[in-house]
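Raw contents of start-v9.pdb, PDB, C-alpha atoms and all ligand atoms:
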```pdb
ATOM      1  CA  MET A  19     -56.874  25.978 -31.114
ATOM      2  CA  VAL A  20     -56.180  22.280 -31.778
ATOM      3  CA  GLY A  21     -59.841  21.305 -31.537
ATOM      4  CA  ARG A  22     -60.805  24.010 -33.997
ATOM      5  CA  ALA A  23     -58.058  23.068 -36.470
ATOM      6  CA  ILE A  24     -58.893  19.361 -36.407
ATOM      7  CA  ALA A  25     -62.671  19.875 -36.431
ATOM      8  CA  ALA A  26     -62.443  22.174 -39.461
ATOM      9  CA  LYS A  27     -60.157  19.757 -41.309
ATOM     10  CA  LEU A  28     -62.425  16.786 -40.608
ATOM     11  CA  ALA A  29     -65.476  18.761 -41.768
ATOM     12  CA  GLU A  30     -63.605  19.822 -44.939
ATOM     13  CA  LEU A  31     -62.898  16.131 -45.609
ATOM     14  CA  GLY A  32     -66.622  15.347 -45.343
ATOM     15  CA  HIS A  33     -66.786  13.946 -41.811
ATOM     16  CA  THR A  34     -69.588  14.848 -39.403
ATOM     17  CA  VAL A  35     -68.075  16.567 -36.363
ATOM     18  CA  THR A  36     -69.212  17.334 -32.823
ATOM     19  CA  MET A  37     -66.842  19.460 -30.733
ATOM     20  CA  GLY A  38     -66.963  19.065 -26.982
ATOM     21  CA  THR A  39     -66.462  21.756 -24.358
ATOM     22  CA  ARG A  40     -67.214  21.970 -20.620
ATOM     23  CA  ASP A  41     -69.971  24.545 -21.026
ATOM     24  CA  PRO A  42     -71.319  24.812 -24.583
ATOM     25  CA  GLN A  43     -73.335  27.961 -23.851
ATOM     26  CA  ALA A  44     -70.367  29.774 -22.338
ATOM     27  CA  THR A  45     -68.097  28.640 -25.187
ATOM     28  CA  ALA A  46     -70.585  29.719 -27.872
ATOM     29  CA  ALA A  47     -70.872  33.107 -26.170
ATOM     30  CA  ARG A  48     -67.105  33.781 -26.228
ATOM     31  CA  ARG A  49     -66.699  37.026 -28.147
ATOM     32  CA  GLU A  50     -63.006  37.684 -27.562
ATOM     33  CA  GLY A  51     -60.111  36.381 -29.609
ATOM     34  CA  ASP A  52     -57.102  34.804 -27.900
ATOM     35  CA  ALA A  53     -53.620  36.202 -27.299
ATOM     36  CA  TYR A  54     -52.367  34.571 -30.518
ATOM     37  CA  GLY A  55     -54.738  36.491 -32.777
ATOM     38  CA  ASN A  56     -57.217  33.643 -33.256
ATOM     39  CA  PRO A  57     -60.823  34.830 -33.638
ATOM     40  CA  SER A  58     -63.386  34.361 -30.863
ATOM     41  CA  PHE A  59     -65.184  31.026 -30.731
ATOM     42  CA  ALA A  60     -68.421  32.730 -31.827
ATOM     43  CA  ALA A  61     -66.737  34.205 -34.929
ATOM     44  CA  TRP A  62     -65.046  30.899 -35.756
ATOM     45  CA  GLN A  63     -68.254  28.902 -35.324
ATOM     46  CA  ALA A  64     -70.202  31.293 -37.564
ATOM     47  CA  ALA A  65     -67.830  30.290 -40.370
ATOM     48  CA  GLN A  66     -68.219  26.555 -39.527
ATOM     49  CA  PRO A  67     -72.013  26.081 -39.279
ATOM     50  CA  GLN A  68     -71.755  22.360 -40.058
ATOM     51  CA  ILE A  69     -69.763  21.661 -36.849
ATOM     52  CA  GLN A  70     -71.929  20.852 -33.821
ATOM     53  CA  LEU A  71     -70.953  22.176 -30.403
ATOM     54  CA  GLY A  72     -71.890  20.132 -27.350
ATOM     55  CA  THR A  73     -70.613  18.832 -24.050
ATOM     56  CA  PHE A  74     -67.672  16.439 -23.931
ATOM     57  CA  ALA A  75     -70.274  13.731 -23.211
ATOM     58  CA  GLN A  76     -72.205  14.611 -26.400
ATOM     59  CA  ALA A  77     -69.033  14.602 -28.479
ATOM     60  CA  ALA A  78     -68.157  11.150 -27.112
ATOM     61  CA  ALA A  79     -71.669   9.884 -27.837
ATOM     62  CA  ASP A  80     -71.706  11.221 -31.423
ATOM     63  CA  GLY A  81     -68.181  10.257 -32.466
ATOM     64  CA  GLU A  82     -67.199   6.988 -34.115
ATOM     65  CA  LEU A  83     -63.642   8.145 -33.626
ATOM     66  CA  LEU A  84     -62.619  10.577 -30.871
ATOM     67  CA  PHE A  85     -59.883  13.219 -30.647
ATOM     68  CA  ASN A  86     -58.588  14.379 -27.275
ATOM     69  CA  CYS A  87     -57.643  18.033 -27.839
ATOM     70  CA  THR A  88     -57.919  19.145 -24.223
ATOM     71  CA  ALA A  89     -55.253  20.633 -21.961
ATOM     72  CA  GLY A  90     -53.332  17.629 -20.590
ATOM     73  CA  GLY A  91     -54.280  18.457 -16.990
ATOM     74  CA  GLY A  92     -57.976  18.294 -17.915
ATOM     75  CA  SER A  93     -57.955  15.293 -20.270
ATOM     76  CA  VAL A  94     -58.992  12.628 -17.748
ATOM     77  CA  ALA A  95     -61.732  14.894 -16.331
ATOM     78  CA  ALA A  96     -63.059  15.594 -19.840
ATOM     79  CA  LEU A  97     -63.206  11.872 -20.632
ATOM     80  CA  GLN A  98     -64.764  11.076 -17.248
ATOM     81  CA  SER A  99     -67.721  13.256 -18.199
ATOM     82  CA  ALA A 100     -68.525  10.840 -21.061
ATOM     83  CA  ALA A 101     -70.736   7.807 -20.536
ATOM     84  CA  PRO A 102     -68.510   4.704 -20.386
ATOM     85  CA  GLU A 103     -70.549   3.016 -23.146
ATOM     86  CA  ASP A 104     -69.764   5.963 -25.448
ATOM     87  CA  LEU A 105     -66.044   5.280 -25.071
ATOM     88  CA  ALA A 106     -66.119   1.491 -25.286
ATOM     89  CA  GLY A 107     -64.256   0.111 -28.280
ATOM     90  CA  LYS A 108     -63.609   3.536 -29.833
ATOM     91  CA  THR A 109     -60.297   4.851 -31.082
ATOM     92  CA  LEU A 110     -59.140   8.000 -29.296
ATOM     93  CA  VAL A 111     -56.455  10.061 -31.011
ATOM     94  CA  ASP A 112     -54.611  11.698 -28.136
ATOM     95  CA  VAL A 113     -53.151  15.003 -29.330
ATOM     96  CA  ALA A 114     -52.741  16.455 -25.829
ATOM     97  CA  ASN A 115     -49.521  17.139 -23.968
ATOM     98  CA  PRO A 116     -49.061  16.945 -20.182
ATOM     99  CA  LEU A 117     -47.876  20.548 -19.891
ATOM    100  CA  ASP A 118     -47.966  22.014 -16.397
ATOM    101  CA  PHE A 119     -47.981  25.831 -16.410
ATOM    102  CA  SER A 120     -48.594  26.121 -12.663
ATOM    103  CA  HIS A 121     -44.971  27.160 -12.002
ATOM    104  CA  GLY A 122     -44.852  29.641 -14.889
ATOM    105  CA  MET A 123     -42.932  29.456 -18.141
ATOM    106  CA  PRO A 124     -41.559  27.292 -19.526
ATOM    107  CA  PRO A 125     -44.068  24.623 -18.537
ATOM    108  CA  SER A 126     -42.877  21.316 -17.085
ATOM    109  CA  LEU A 127     -44.279  17.870 -17.842
ATOM    110  CA  SER A 128     -46.767  16.631 -15.246
ATOM    111  CA  VAL A 129     -45.943  13.028 -16.190
ATOM    112  CA  CYS A 130     -42.787  11.704 -17.902
ATOM    113  CA  ASN A 131     -39.934   9.170 -18.002
ATOM    114  CA  THR A 132     -41.744   6.035 -16.822
ATOM    115  CA  ASP A 133     -45.283   7.064 -17.780
ATOM    116  CA  SER A 134     -47.130   9.386 -20.147
ATOM    117  CA  LEU A 135     -50.454  11.155 -20.496
ATOM    118  CA  ALA A 136     -51.437   8.714 -23.244
ATOM    119  CA  GLU A 137     -50.788   5.712 -20.966
ATOM    120  CA  THR A 138     -52.625   7.428 -18.105
ATOM    121  CA  ILE A 139     -55.678   7.820 -20.345
ATOM    122  CA  GLN A 140     -55.399   4.214 -21.571
ATOM    123  CA  ARG A 141     -55.140   2.886 -17.987
ATOM    124  CA  THR A 142     -58.059   5.013 -16.781
ATOM    125  CA  PHE A 143     -60.270   4.096 -19.756
ATOM    126  CA  PRO A 144     -59.204   0.562 -20.748
ATOM    127  CA  ALA A 145     -62.115   0.208 -23.204
ATOM    128  CA  LEU A 146     -60.681   3.008 -25.367
ATOM    129  CA  LYS A 147     -58.060   2.325 -28.031
ATOM    130  CA  VAL A 148     -55.660   5.208 -27.446
ATOM    131  CA  VAL A 149     -53.398   6.282 -30.294
ATOM    132  CA  LYS A 150     -50.935   9.095 -29.625
ATOM    133  CA  ALA A 151     -50.354  11.287 -32.678
ATOM    134  CA  LEU A 152     -49.966  14.889 -33.865
ATOM    135  CA  ASN A 153     -48.842  16.212 -30.453
ATOM    136  CA  THR A 154     -45.356  17.188 -31.691
ATOM    137  CA  MET A 155     -46.266  20.031 -34.043
ATOM    138  CA  ASN A 156     -48.363  23.203 -34.158
ATOM    139  CA  ALA A 157     -52.087  22.841 -34.833
ATOM    140  CA  ASN A 158     -51.863  24.506 -38.245
ATOM    141  CA  VAL A 159     -49.189  22.027 -39.307
ATOM    142  CA  MET A 160     -51.191  19.045 -37.951
ATOM    143  CA  VAL A 161     -53.933  19.577 -40.498
ATOM    144  CA  ASN A 162     -51.816  21.004 -43.315
ATOM    145  CA  PRO A 163     -48.347  19.446 -43.454
ATOM    146  CA  ALA A 164     -47.790  21.114 -46.853
ATOM    147  CA  LEU A 165     -47.468  24.381 -44.917
ATOM    148  CA  LEU A 166     -43.822  23.405 -44.421
ATOM    149  CA  ALA A 167     -41.359  22.605 -47.230
ATOM    150  CA  GLY A 168     -39.976  19.098 -47.658
ATOM    151  CA  GLU A 169     -40.820  15.866 -45.899
ATOM    152  CA  HIS A 170     -41.316  16.051 -42.157
ATOM    153  CA  SER A 171     -42.609  13.550 -39.650
ATOM    154  CA  VAL A 172     -45.590  12.635 -37.530
ATOM    155  CA  PHE A 173     -45.257   9.925 -34.864
ATOM    156  CA  VAL A 174     -47.869   7.317 -33.996
ATOM    157  CA  SER A 175     -47.961   5.196 -30.802
ATOM    158  CA  GLY A 176     -50.599   2.709 -29.674
ATOM    159  CA  ASN A 177     -51.308  -0.801 -28.455
ATOM    160  CA  ASP A 178     -54.025  -1.691 -30.962
ATOM    161  CA  ALA A 179     -52.817  -2.348 -34.518
ATOM    162  CA  ALA A 180     -56.231  -1.785 -36.120
ATOM    163  CA  ALA A 181     -56.675   1.549 -34.309
ATOM    164  CA  LYS A 182     -53.214   2.649 -35.425
ATOM    165  CA  ALA A 183     -54.060   1.692 -39.019
ATOM    166  CA  GLN A 184     -57.305   3.700 -38.770
ATOM    167  CA  VAL A 185     -55.417   6.753 -37.493
ATOM    168  CA  THR A 186     -52.664   6.338 -40.087
ATOM    169  CA  ALA A 187     -55.296   6.370 -42.865
ATOM    170  CA  LEU A 188     -56.794   9.529 -41.376
ATOM    171  CA  LEU A 189     -53.354  11.158 -41.186
ATOM    172  CA  ARG A 190     -52.811  10.340 -44.875
ATOM    173  CA  SER A 191     -56.102  12.078 -45.646
ATOM    174  CA  PHE A 192     -54.722  15.146 -43.796
ATOM    175  CA  GLY A 193     -51.758  15.071 -46.225
ATOM    176  CA  TRP A 194     -49.162  13.280 -44.073
ATOM    177  CA  ARG A 195     -46.641  11.043 -45.842
ATOM    178  CA  ALA A 196     -43.777  10.546 -43.341
ATOM    179  CA  ILE A 197     -45.763   8.668 -40.690
ATOM    180  CA  ILE A 198     -43.527   6.823 -38.229
ATOM    181  CA  ASP A 199     -45.071   4.056 -36.105
ATOM    182  CA  LEU A 200     -43.011   4.198 -32.910
ATOM    183  CA  GLY A 201     -44.581   1.069 -31.408
ATOM    184  CA  ASP A 202     -46.815   0.475 -28.418
ATOM    185  CA  LEU A 203     -48.294   3.249 -26.292
ATOM    186  CA  SER A 204     -45.274   3.414 -23.965
ATOM    187  CA  THR A 205     -43.432   5.065 -26.885
ATOM    188  CA  ALA A 206     -45.697   8.092 -26.361
ATOM    189  CA  ARG A 207     -43.382   8.922 -23.436
ATOM    190  CA  GLY A 208     -40.801   9.972 -26.021
ATOM    191  CA  SER A 209     -43.130  11.995 -28.203
ATOM    192  CA  GLU A 210     -44.488  13.803 -25.135
ATOM    193  CA  MET A 211     -40.987  14.395 -23.757
ATOM    194  CA  VAL A 212     -39.846  16.243 -26.899
ATOM    195  CA  LEU A 213     -42.147  19.107 -25.854
ATOM    196  CA  PRO A 214     -39.404  20.979 -23.939
ATOM    197  CA  LEU A 215     -37.278  20.806 -27.118
ATOM    198  CA  TRP A 216     -40.253  21.905 -29.229
ATOM    199  CA  LEU A 217     -40.806  24.918 -26.952
ATOM    200  CA  SER A 218     -37.097  25.880 -27.081
ATOM    201  CA  LEU A 219     -37.195  25.652 -30.879
ATOM    202  CA  MET A 220     -40.221  27.911 -31.009
ATOM    203  CA  GLY A 221     -38.300  30.494 -28.962
ATOM    204  CA  ALA A 222     -35.118  30.129 -31.025
ATOM    205  CA  LEU A 223     -36.858  30.198 -34.410
ATOM    206  CA  GLY A 224     -39.440  32.815 -33.447
ATOM    207  CA  THR A 225     -42.311  30.859 -34.971
ATOM    208  CA  PRO A 226     -44.420  27.786 -34.169
ATOM    209  CA  LEU A 227     -44.444  26.818 -37.850
ATOM    210  CA  PHE A 228     -41.754  24.120 -37.987
ATOM    211  CA  ASN A 229     -41.591  20.378 -37.470
ATOM    212  CA  PHE A 230     -39.214  17.496 -36.844
ATOM    213  CA  ALA A 231     -37.917  15.729 -39.961
ATOM    214  CA  ILE A 232     -36.242  12.368 -39.378
ATOM    215  CA  ALA A 233     -33.305  11.785 -41.757
ATOM    216  CA  ARG A 234     -32.100   8.237 -42.428
TER     217      ARG A 234
HETATM  218  N1  LIG A 301     -51.756  24.575 -29.689
HETATM  219  C1  LIG A 301     -51.037  23.734 -30.424
HETATM  220  O1  LIG A 301     -50.615  24.060 -31.556
HETATM  221  C2  LIG A 301     -50.737  22.356 -29.895
HETATM  222  C3  LIG A 301     -49.833  21.542 -30.588
HETATM  223  C4  LIG A 301     -49.611  20.219 -30.152
HETATM  224  C5  LIG A 301     -50.297  19.738 -29.050
HETATM  225  N2  LIG A 301     -51.133  20.572 -28.373
HETATM  226  C6  LIG A 301     -51.866  20.034 -27.218
HETATM  227  O2  LIG A 301     -53.232  19.920 -27.585
HETATM  228  C7  LIG A 301     -54.078  20.225 -26.475
HETATM  229  C8  LIG A 301     -54.998  21.393 -26.843
HETATM  230  O3  LIG A 301     -54.234  22.552 -27.004
HETATM  231  P1  LIG A 301     -54.906  23.983 -27.340
HETATM  232  O4  LIG A 301     -53.773  24.893 -27.613
HETATM  233  O5  LIG A 301     -55.956  23.805 -28.352
HETATM  234  O6  LIG A 301     -55.677  24.451 -26.059
HETATM  235  P2  LIG A 301     -55.663  24.280 -24.504
HETATM  236  O7  LIG A 301     -55.966  25.599 -23.987
HETATM  237  O8  LIG A 301     -54.434  23.592 -24.028
HETATM  238  O9  LIG A 301     -56.912  23.287 -24.310
HETATM  239  C9  LIG A 301     -58.201  23.726 -24.477
HETATM  240  C10 LIG A 301     -59.177  22.588 -24.223
HETATM  241  O10 LIG A 301     -58.911  21.938 -22.961
HETATM  242  C11 LIG A 301     -60.121  21.932 -22.193
HETATM  243  N3  LIG A 301     -59.790  22.004 -20.771
HETATM  244  C12 LIG A 301     -58.900  22.828 -20.169
HETATM  245  N4  LIG A 301     -58.870  22.595 -18.835
HETATM  246  C13 LIG A 301     -59.759  21.597 -18.612
HETATM  247  C14 LIG A 301     -60.183  20.920 -17.438
HETATM  248  N5  LIG A 301     -59.693  21.217 -16.227
HETATM  249  N6  LIG A 301     -61.102  19.942 -17.565
HETATM  250  C15 LIG A 301     -61.618  19.636 -18.768
HETATM  251  N7  LIG A 301     -61.261  20.238 -19.923
HETATM  252  C16 LIG A 301     -60.342  21.216 -19.836
HETATM  253  C17 LIG A 301     -60.862  23.182 -22.673
HETATM  254  O11 LIG A 301     -62.224  23.063 -22.382
HETATM  255  P3  LIG A 301     -63.246  24.308 -22.560
HETATM  256  O12 LIG A 301     -63.581  24.310 -24.025
HETATM  257  O13 LIG A 301     -64.370  23.941 -21.716
HETATM  258  O14 LIG A 301     -62.526  25.546 -22.132
HETATM  259  C18 LIG A 301     -60.604  23.090 -24.162
HETATM  260  O15 LIG A 301     -61.421  22.107 -24.755
HETATM  261  C19 LIG A 301     -53.150  20.534 -25.297
HETATM  262  O16 LIG A 301     -52.978  19.365 -24.540
HETATM  263  C20 LIG A 301     -51.838  20.931 -25.982
HETATM  264  O17 LIG A 301     -50.690  20.668 -25.193
HETATM  265  C21 LIG A 301     -51.362  21.871 -28.748
END
```
Re-express the file's structure as structure tokens.
Amino acid sequence: MVGRAIAAKLAELGHTVTMGTRDPQATAARREGDAYGNPSFAAWQAAQPQIQLGTFAQAAADGELLFNCTAGGGSVAALQSAAPEDLAGKTLVDVANPLDFSHGMPPSLSVCNTDSLAETIQRTFPALKVVKALNTMNANVMVNPALLAGEHSVFVSGNDAAAKAQVTALLRSFGWRAIIDLGDLSTARGSEMVLPLWLSLMGALGTPLFNFAIAR
């Protein structure tokens, strides 16, 4: 869902996009929609002919800038399938959350407090420039903040100032205005740990279409 939303937005903005998946043939053959009413991958792709589908390794090779839109438990494995030279020096926008559904609902966080998924990825792939962003709102809001009334916030965390500036410019092109730089990548612990609150809000409000707005 997140990969599709971001890929379509990037393509709409004129970027060339390769989407990665574990098994491109199996993904392209998916004919069933998901439980949330999203169309099958095949139906979605037919409407997005300009977006290439490949392996995670191909997406890493093609991309000047990478987005991690995988399930948090699979993020390191997905990145490990890329050639190290295809990651070196590139900015990776980490949109994933370390949600663990293995004990049912609600999910717990597989990493928290003194570490985060973003830091785990940065430690495992030191040549990447990891920037945490967009993980605290629904995919439709990520790429269309005007979906919600008023000013609401997106958080950015990362160790590399130039990579954060690159991601901030991209977020502006998505329509974001209230972009809050939280600091280095350890601040991603906080943005990942709001997920239990986000999930409670979705239950209380009965919709995923909301976001955090920071009043000062
Ligand atoms: N849905 C939202 O609105 C939303 C909002 C904020 C953040 N997020 C975060 O964004 C990420 C993507 O969310 P989503 O809802 O689009 O879908 P998802 O079902 O959480 O993730 C789907 C992606 O993860 C890959 N994947 C799953 N298990 C894997 C494994 N063991 N090894 C390698 N890759 C694996 C899938 O690969 P295949 O294509 O091969 O199946 C697919 O690319 C998640 O981390 C989620 O927490 C989601």
I'd like a table as JSON lines: residues in stretch 21-101 of chain A with an atom no more than 10 Å from stretch 135-138 of chain A, each row giving the shortest atom pair and its distance in Å to one decimal, all atoms listed in the file counted, sorted by chain and rising residue number.
```
{"residue": "A:Asn86", "atom": "CA", "partner": "A:Ala136", "partner_atom": "CA", "distance": 10.0}
{"residue": "A:Gly90", "atom": "CA", "partner": "A:Leu135", "partner_atom": "CA", "distance": 7.1}
{"residue": "A:Gly91", "atom": "CA", "partner": "A:Leu135", "partner_atom": "CA", "distance": 9.0}
{"residue": "A:Ser93", "atom": "CA", "partner": "A:Leu135", "partner_atom": "CA", "distance": 8.6}
{"residue": "A:Val94", "atom": "CA", "partner": "A:Thr138", "partner_atom": "CA", "distance": 8.2}
```
Check every protein, DNA and RNA residue against ligand LIG 301 (chain A), keep those with an atom at most 10 Å away (counting only C-alpha atoms and all ligand atoms), and present them as a PyMOL selection string.
-> chain A and resi 19-24+37-42+44-46+59+71-74+85-99+112-118+135+151-160+210+213+216+226-227
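Going from atom CA of A:Pro214 over to atom CA of A:Ala25, you cover 26.4 Å.
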Please determine an axis-aligned box that encloses all atoms of stretch 42-55 of chain A listed in the file, with 5 Å added on each side, and express its centre and edge lengths in Å to one decimal as AutoDock Vina command-line options.
```
--center_x -62.9 --center_y 31.2 --center_z -27.6 --size_x 31.0 --size_y 22.9 --size_z 20.4
```
Just so the selection is clear, what residues does the PyMOL selection byres (((chain A and resi 30) around 12) and not hetatm) cover here, as a PDB file with C-alpha atoms, keeping the file's coordinate frame?
```
ATOM      1  CA  ALA A  23     -58.058  23.068 -36.470  1.00  0.00           C
ATOM      2  CA  ILE A  24     -58.893  19.361 -36.407  1.00  0.00           C
ATOM      3  CA  ALA A  25     -62.671  19.875 -36.431  1.00  0.00           C
ATOM      4  CA  ALA A  26     -62.443  22.174 -39.461  1.00  0.00           C
ATOM      5  CA  LYS A  27     -60.157  19.757 -41.309  1.00  0.00           C
ATOM      6  CA  LEU A  28     -62.425  16.786 -40.608  1.00  0.00           C
ATOM      7  CA  ALA A  29     -65.476  18.761 -41.768  1.00  0.00           C
ATOM      8  CA  LEU A  31     -62.898  16.131 -45.609  1.00  0.00           C
ATOM      9  CA  GLY A  32     -66.622  15.347 -45.343  1.00  0.00           C
ATOM     10  CA  HIS A  33     -66.786  13.946 -41.811  1.00  0.00           C
ATOM     11  CA  THR A  34     -69.588  14.848 -39.403  1.00  0.00           C
ATOM     12  CA  VAL A  35     -68.075  16.567 -36.363  1.00  0.00           C
ATOM     13  CA  GLN A  66     -68.219  26.555 -39.527  1.00  0.00           C
ATOM     14  CA  PRO A  67     -72.013  26.081 -39.279  1.00  0.00           C
ATOM     15  CA  GLN A  68     -71.755  22.360 -40.058  1.00  0.00           C
ATOM     16  CA  ILE A  69     -69.763  21.661 -36.849  1.00  0.00           C
ATOM     17  CA  VAL A 161     -53.933  19.577 -40.498  1.00  0.00           C
ATOM     18  CA  ASN A 162     -51.816  21.004 -43.315  1.00  0.00           C
ATOM     19  CA  SER A 191     -56.102  12.078 -45.646  1.00  0.00           C
ATOM     20  CA  PHE A 192     -54.722  15.146 -43.796  1.00  0.00           C
TER      21      PHE A 192
END
```
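One distance worth recording is that between atom CA of A:Val172 and atom CA of A:Ala79, which is 28.0 Å.
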Once you count all atoms listed in the file, which residues end up no further than 8 Å from (-46.3, 6.0, -28.0) in the file's frame, shown as an MDAnalysis selection string?
-> chainID A and resid 136 149:150 173:176 200:209
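Of note, atom CA of A:Leu166 and atom CA of A:Trp194 are spaced 11.5 Å apart.
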